[in-house]
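Asks: work-v3.txt (compact mmCIF, C-alpha atoms) pasted underneath:
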# COMPACT_ATOMS: atom_id res chain seq x y z
CA MET L 1 0.00 0.00 0.00
CA LYS L 2 1.13 3.57 -0.73
CA PHE L 3 1.06 6.11 2.08
CA SER L 4 1.56 9.86 1.92
CA ILE L 5 2.29 11.76 5.11
CA LEU L 6 1.44 15.38 5.93
CA ILE L 7 3.28 17.08 8.80
CA ASN L 8 1.90 20.42 10.00
CA GLU L 9 3.84 20.94 13.21
CA GLY L 10 7.40 22.01 13.92
CA PRO L 11 10.01 19.80 15.57
CA TYR L 12 10.24 20.06 19.37
CA GLN L 13 6.84 21.80 19.39
CA HIS L 14 4.84 18.81 20.53
CA GLN L 15 4.87 15.28 19.20
CA ALA L 16 3.85 15.30 15.54
CA SER L 17 7.37 14.95 14.11
CA ASP L 18 8.07 11.99 16.38
CA SER L 19 4.71 10.33 15.69
CA ALA L 20 5.05 10.77 11.93
CA TYR L 21 8.60 9.42 11.99
CA LYS L 22 7.55 6.32 13.91
CA PHE L 23 4.53 5.79 11.67
CA ILE L 24 6.72 5.96 8.57
CA GLU L 25 9.27 3.55 10.09
CA ALA L 26 6.49 1.09 10.95
CA ALA L 27 4.94 1.41 7.48
CA LEU L 28 8.27 0.78 5.75
CA GLU L 29 8.96 -2.12 8.10
CA ALA L 30 5.63 -3.66 7.09
CA GLY L 31 6.62 -3.40 3.42
CA HIS L 32 4.47 -0.40 2.49
CA GLU L 33 5.61 2.40 0.22
CA ILE L 34 5.86 6.05 1.31
CA PHE L 35 4.89 8.06 -1.76
CA ARG L 36 5.77 11.43 -0.24
CA VAL L 37 6.22 13.27 3.05
CA PHE L 38 4.88 16.81 2.79
CA PHE L 39 5.84 19.50 5.33
CA TYR L 40 3.36 22.35 5.67
CA HIS L 41 2.73 25.25 8.08
CA ASP L 42 5.22 25.10 11.01
CA GLY L 43 6.12 21.62 9.77
CA VAL L 44 8.58 23.26 7.36
CA ASN L 45 10.83 23.90 10.39
CA ASN L 46 11.73 20.20 10.25
CA SER L 47 13.84 20.98 7.20
CA THR L 48 16.48 23.49 8.36
CA ARG L 49 19.97 22.04 8.62
CA TYR L 50 20.94 24.69 11.20
CA THR L 51 19.21 22.97 14.11
CA VAL L 52 21.60 22.12 16.95
CA PRO L 53 19.69 20.31 19.69
CA PRO L 54 21.57 19.19 22.84
CA GLN L 55 23.67 16.08 22.22
CA ASP L 56 21.59 13.91 24.53
CA ASP L 57 18.37 14.80 22.69
CA ARG L 58 17.16 13.31 19.43
CA ASN L 59 18.06 15.39 16.38
CA ILE L 60 14.74 15.45 14.57
CA GLN L 61 16.05 17.19 11.46
CA VAL L 62 19.06 14.91 11.00
CA ARG L 63 16.83 11.91 11.63
CA TRP L 64 14.62 12.96 8.69
CA SER L 65 17.61 13.40 6.38
CA GLU L 66 18.96 9.99 7.35
CA LEU L 67 15.60 8.29 6.89
CA ALA L 68 15.18 9.93 3.48
CA GLU L 69 18.59 8.76 2.36
CA LYS L 70 18.09 5.23 3.64
CA HIS L 71 14.68 4.75 2.05
CA ASP L 72 14.89 7.22 -0.83
CA LEU L 73 11.96 9.24 0.55
CA ASP L 74 10.52 12.20 -1.32
CA MET L 75 10.35 14.94 1.35
CA VAL L 76 8.72 18.12 0.09
CA VAL L 77 8.52 21.46 1.87
CA CYS L 78 5.76 23.97 1.02
CA ILE L 79 7.42 26.99 -0.57
CA ALA L 80 5.12 29.70 0.81
CA ALA L 81 5.21 28.26 4.33
CA ALA L 82 9.00 27.90 4.02
CA GLN L 83 9.63 31.46 2.86
CA ARG L 84 7.60 32.88 5.72
CA ARG L 85 9.75 30.94 8.16
CA GLY L 86 13.15 31.54 6.57
CA ILE L 87 13.63 28.12 5.01
CA LEU L 88 15.47 28.56 1.69
CA ASP L 89 17.25 26.42 -0.83
CA GLU L 90 20.07 27.74 -2.99
CA ASN L 91 17.81 28.94 -5.81
CA GLU L 92 15.38 30.70 -3.51
CA ALA L 93 18.18 32.32 -1.50
CA GLN L 94 19.57 33.80 -4.72
CA ARG L 95 16.18 34.83 -6.01
CA GLN L 96 15.30 36.57 -2.74
CA GLY L 97 18.74 38.16 -2.35
CA LYS L 98 19.54 36.30 0.87
CA ASP L 99 23.08 35.51 1.97
CA GLY L 100 22.66 31.79 2.33
CA ASP L 101 20.38 28.80 2.24
CA ASN L 102 19.55 26.38 5.04
CA ILE L 103 17.56 23.49 3.59
CA ALA L 104 18.73 20.15 4.92
CA PRO L 105 19.76 17.19 2.74
CA GLY L 106 16.90 15.09 1.48
CA PHE L 107 14.33 17.92 1.46
CA ARG L 108 13.15 19.83 -1.58
CA ILE L 109 11.06 22.98 -1.75
CA SER L 110 7.99 22.92 -3.96
CA GLY L 111 4.35 23.95 -4.11
CA LEU L 112 1.04 22.79 -2.72
CA GLY L 113 0.35 20.91 -5.94
CA GLN L 114 2.76 18.32 -4.55
CA LEU L 115 0.44 17.81 -1.57
CA ILE L 116 -2.59 17.40 -3.82
CA GLU L 117 -0.68 14.90 -5.94
CA ALA L 118 0.44 13.07 -2.79
CA GLY L 119 -3.21 12.75 -1.77
CA ILE L 120 -4.25 11.49 -5.19
CA GLN L 121 -1.40 9.09 -5.85
CA ALA L 122 -1.29 7.45 -2.42
CA ASP L 123 -3.85 5.00 -1.09
CA ARG L 124 -3.90 6.84 2.25
CA LEU L 125 -2.91 10.32 3.37
CA VAL L 126 -2.14 10.46 7.09
CA THR L 127 -1.86 13.86 8.77
CA PHE L 128 0.21 14.67 11.85
CA GLY L 129 0.01 18.07 13.50
CA ASP L 130 -1.08 20.16 16.40
CA MET T 1 -16.93 3.51 3.86
CA ALA T 2 -14.85 2.68 6.90
CA ILE T 3 -12.88 5.58 8.31
CA LEU T 4 -10.02 5.63 10.80
CA HIS T 5 -10.33 8.75 12.93
CA THR T 6 -7.19 9.80 14.81
CA VAL T 7 -7.33 12.06 17.86
CA ASN T 8 -4.06 13.41 19.28
CA LYS T 9 -5.29 15.91 21.85
CA SER T 10 -6.66 15.32 25.33
CA PRO T 11 -10.40 15.98 25.67
CA PHE T 12 -9.48 18.21 28.63
CA GLU T 13 -7.58 20.49 26.26
CA ARG T 14 -9.54 20.50 23.00
CA ASP T 15 -12.93 19.37 21.78
CA ALA T 16 -11.44 17.29 18.93
CA LEU T 17 -12.52 13.98 20.45
CA GLU T 18 -16.04 15.23 21.08
CA SER T 19 -16.34 16.44 17.46
CA CYS T 20 -14.88 13.17 16.24
CA LEU T 21 -17.32 11.01 18.21
CA LYS T 22 -20.24 13.12 17.00
CA HIS T 23 -19.22 12.64 13.37
CA ALA T 24 -17.95 9.06 13.39
CA LEU T 25 -20.38 6.69 11.70
CA ALA T 26 -21.14 3.19 12.93
CA GLY T 27 -18.37 0.81 11.93
CA SER T 28 -15.66 3.46 12.13
CA SER T 29 -12.50 3.20 14.19
CA VAL T 30 -11.06 5.85 16.49
CA LEU T 31 -7.38 5.80 17.45
CA LEU T 32 -6.29 7.84 20.47
CA PHE T 33 -2.61 8.79 20.43
CA GLU T 34 -0.24 11.48 21.75
CA ASP T 35 -2.17 13.43 24.45
CA GLY T 36 -5.39 11.89 23.13
CA VAL T 37 -4.61 8.75 25.15
CA ALA T 38 -5.92 10.51 28.28
CA ALA T 39 -9.43 9.84 27.02
CA ALA T 40 -8.87 6.08 27.15
CA VAL T 41 -8.60 6.06 30.94
CA ASP T 42 -11.67 4.89 32.81
CA GLY T 43 -13.31 7.06 35.44
CA THR T 44 -12.73 10.45 33.76
CA ALA T 45 -15.48 12.94 32.91
CA TYR T 46 -15.37 11.65 29.32
CA ALA T 47 -15.50 7.92 30.07
CA ASP T 48 -19.28 7.63 29.75
CA GLN T 49 -19.26 9.44 26.42
CA ILE T 50 -16.63 7.05 25.11
CA LYS T 51 -18.43 3.99 26.43
CA GLY T 52 -21.56 5.21 24.68
CA ALA T 53 -19.67 5.74 21.42
CA MET T 54 -18.20 2.24 21.66
CA GLU T 55 -21.61 0.77 20.94
CA ASN T 56 -21.07 1.88 17.33
CA VAL T 57 -17.38 2.56 16.83
CA SER T 58 -14.20 0.68 17.76
CA LEU T 59 -11.75 2.46 20.05
CA PHE T 60 -7.98 1.97 19.89
CA VAL T 61 -5.15 3.55 21.85
CA LEU T 62 -1.44 3.76 21.08
CA GLY T 63 0.33 1.83 23.84
CA GLU T 64 3.62 3.71 23.52
CA ASP T 65 2.00 7.10 24.17
CA LEU T 66 -0.01 5.63 27.05
CA LYS T 67 3.15 4.30 28.66
CA ALA T 68 5.02 7.58 28.12
CA ARG T 69 2.38 9.28 30.25
CA GLY T 70 2.46 6.69 33.01
CA LEU T 71 -1.02 5.46 32.17
CA GLY T 72 -1.15 1.71 32.65
CA GLU T 73 -3.27 -0.55 30.49
CA HIS T 74 -5.14 -1.69 33.62
CA LYS T 75 -6.63 1.81 33.88
CA LEU T 76 -8.30 1.69 30.47
CA ILE T 77 -11.97 1.62 29.68
CA ASP T 78 -12.97 -2.01 29.00
CA GLY T 79 -13.07 -2.82 25.31
CA ILE T 80 -10.43 -0.34 24.14
CA THR T 81 -7.73 -2.13 22.16
CA VAL T 82 -4.08 -1.22 22.72
CA VAL T 83 -2.02 -1.09 19.52
CA ASP T 84 1.60 -0.27 18.62
CA TYR T 85 2.77 1.71 15.56
CA LYS T 86 2.52 -1.45 13.49
CA GLY T 87 -1.11 -1.65 14.57
CA PHE T 88 -1.59 2.03 13.71
CA VAL T 89 -0.32 1.37 10.18
CA GLU T 90 -2.58 -1.68 9.89
CA LEU T 91 -5.61 0.35 10.99
CA ALA T 92 -4.77 3.02 8.41
CA GLY T 93 -4.57 0.36 5.71
CA LYS T 94 -7.64 -1.56 6.80
CA ASN T 95 -9.89 1.49 6.71
CA ASP T 96 -10.69 3.26 3.44
CA THR T 97 -9.46 6.65 4.61
CA VAL T 98 -7.83 8.35 7.58
CA GLN T 99 -9.29 11.48 9.17
CA SER T 100 -6.99 13.31 11.59
CA TRP T 101 -8.84 15.49 14.10
CA LEU T 102 -6.30 18.22 14.80
Please render this file's structure as structure tokens.

Replies:
Amino acid sequence: MKFSILINEGPYQHQASDSAYKFIEAALEAGHEIFRVFFYHDGVNNSTRYTVPPQDDRNIQVRWSELAEKHDLDMVVCIAAAQRRGILDENEAQRQGKDGDNIAPGFRISGLGQLIEAGIQADRLVTFGD
Amino acid sequence: MAILHTVNKSPFERDALESCLKHALAGSSVLLFEDGVAAAVDGTAYADQIKGAMENVSLFVLGEDLKARGLGEHKLIDGITVVDYKGFVELAGKNDTVQSWL
């Protein structure tokens, strides 16, 4: 079965990032496919590579990048939500005249159409948020 | 159409569970997780409402989130099924769609 995942809450805000991560792990373990993980609203804050949590805490952002690499996940960040919150890739940083980008490995910035497609293409869309 | 409803907030904080139970049709499943697990405990102000709903819908609770909050399985309302993340995934697959009450 194909799952798409929508994450609407930032890391360390409450529990959505952790719940979504564990759901995805369990789904992959059971042999399901993850069509896409879409980060929307404060969820885009999962995608900055500048997070530096204490060493004895889980690093939610790095954990996403590692999971994406291991399972070839398509992790998409909403562009409008990202720009509001200062999440930029190289192209957007140049286009907006900013001095650097901060998107973490494994994430890509795109539009809401990607969420609609994720809902259409997957058998189930599961939302995590606050 | 069978729907899996997920509720992640305590009924003492938000009215998501109440809205969910009002909308859930007979044959649906409701999964309590994150702070939503508080509703699975027997003896609370919401226990009767949940027991009433269980005549038509199946109630599930995520064991890991229950344990994280120090809520033992012996405290649960009779008839609520404890699942793990594997069970969560199975519920999502078994139902036709998943509705998250945020």

Asks: Which residues of chain T have any atom within 8 Å of an atom in chain L when counting all atoms listed in the file, and what is the closest pair of atoms for each, with the distance in Å to one decimal? Order the rows by chain and rising number and write it as a tab-separated table.

Replies:
residue	atom	partner	partner_atom	distance
T:Asn8	CA	L:Asp130	CA	7.9
T:Glu34	CA	L:Gln15	CA	6.9
T:Tyr85	CA	L:Phe23	CA	5.9
T:Lys86	CA	L:Ala26	CA	5.4
T:Phe88	CA	L:Phe23	CA	7.5
T:Val89	CA	L:Ala27	CA	5.9
T:Ala92	CA	L:Arg124	CA	7.3
T:Gly93	CA	L:Met1	CA	7.3
T:Asp96	CA	L:Arg124	CA	7.8
T:Thr97	CA	L:Arg124	CA	6.0
T:Val98	CA	L:Val126	CA	6.1
T:Gln99	CA	L:Val126	CA	7.5
T:Ser100	CA	L:Thr127	CA	5.9
T:Leu102	CA	L:Asp130	CA	5.8

Asks: In Å, with one decimal, what is the gap from atom CA of L:Ile7 to atom CA of L:Glu92?

Replies: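 About the pair atom CA of L:Ile7 and atom CA of L:Glu92: they are 22.0 Å apart.
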
Asks: If I take atom CA of T:Gly27 and atom CA of T:Phe60, how far is one from the other in Å, to one decimal?

Replies: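 Straight-line distance from atom CA of T:Gly27 to atom CA of T:Phe60 works out to 13.1 Å.
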
Asks: Between L:Gln94, L:Gln61, L:Leu73, L:Gly119, which is the closest to L:Val37 once you count only C-alpha atoms?

Replies: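 Ranking L:Gln94, L:Gln61, L:Leu73, L:Gly119 by distance to L:Val37, first place goes to L:Leu73.
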
Asks: In Å, rounded to a single decimal, give me how far atom CA of L:Ile109 is from atom CA of L:Ser17.

Replies: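 Calculated distance between atom CA of L:Ser17 and atom CA of L:Ile109 is 18.2 Å.
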